[in-house]
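Here's the structure we're looking at; comments come further down.
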Amino acid sequence: MKTSLIGFAGAARSGKDTAASFLVERGWQRKAFADPVRNMLYALNPDLRAPGGSSAWPILPSAWTPTAGRR
């Protein structure tokens with residue numbers, strides 16, 4: 001059986017998720033490049049998981065700014 005692969009690339013808010021959802025509605029299976037990377041990181045450090053083990057801890061945008069924690 002031949003397997004087809006479609007990849008979407010583009011700027012933020014350019015419609016990648018919308019296009020993927022369209023294909024999922026028509027029987028395609030959605031995969032993300034980051035899924036195996038995320039699983040590997042969780043296997044190496046389970047503390048990255050939130051309580052209950054379902055998802056990673058949220059990262060607040062302010063934590064990435066150069067002035068975070070300064071007043």
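Ligands are numbered from 1 in the order shown, residues from 1 within each chain, and chains are lettered A, B, ... in the order they appear in the structure tokens.
All residues of protein, DNA or RNA that reach within 10 Å of A:Gly7, judged by only C-alpha atoms and not counting those fewer than 6 positions away in the chain, are Lys16, Ala20, Lys31, Ala32 and Phe33 of chain A.
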With C-alpha atoms retained, export the selected residues as an mmCIF file, in the first residue's frame.
data_model
loop_
_atom_site.group_PDB
_atom_site.id
_atom_site.type_symbol
_atom_site.label_atom_id
_atom_site.label_comp_id
_atom_site.auth_asym_id
_atom_site.auth_seq_id
_atom_site.Cartn_x
_atom_site.Cartn_y
_atom_site.Cartn_z
ATOM 1 C CA LYS A 16 -1.868 25.569 8.177
ATOM 2 C CA ALA A 20 -4.930 20.190 8.047
ATOM 3 C CA LYS A 31 0.733 13.919 12.634
ATOM 4 C CA ALA A 32 3.072 16.572 13.950
ATOM 5 C CA PHE A 33 6.852 16.574 13.565
#
Write out as an MDAnalysis selection string each polymer residue whose atoms come within 12 Å of A:Ala19, counting only C-alpha atoms; drop sequence neighbours fewer than 4 positions from it.
chainID A and resid 6:10 13:15 23:26 28 30
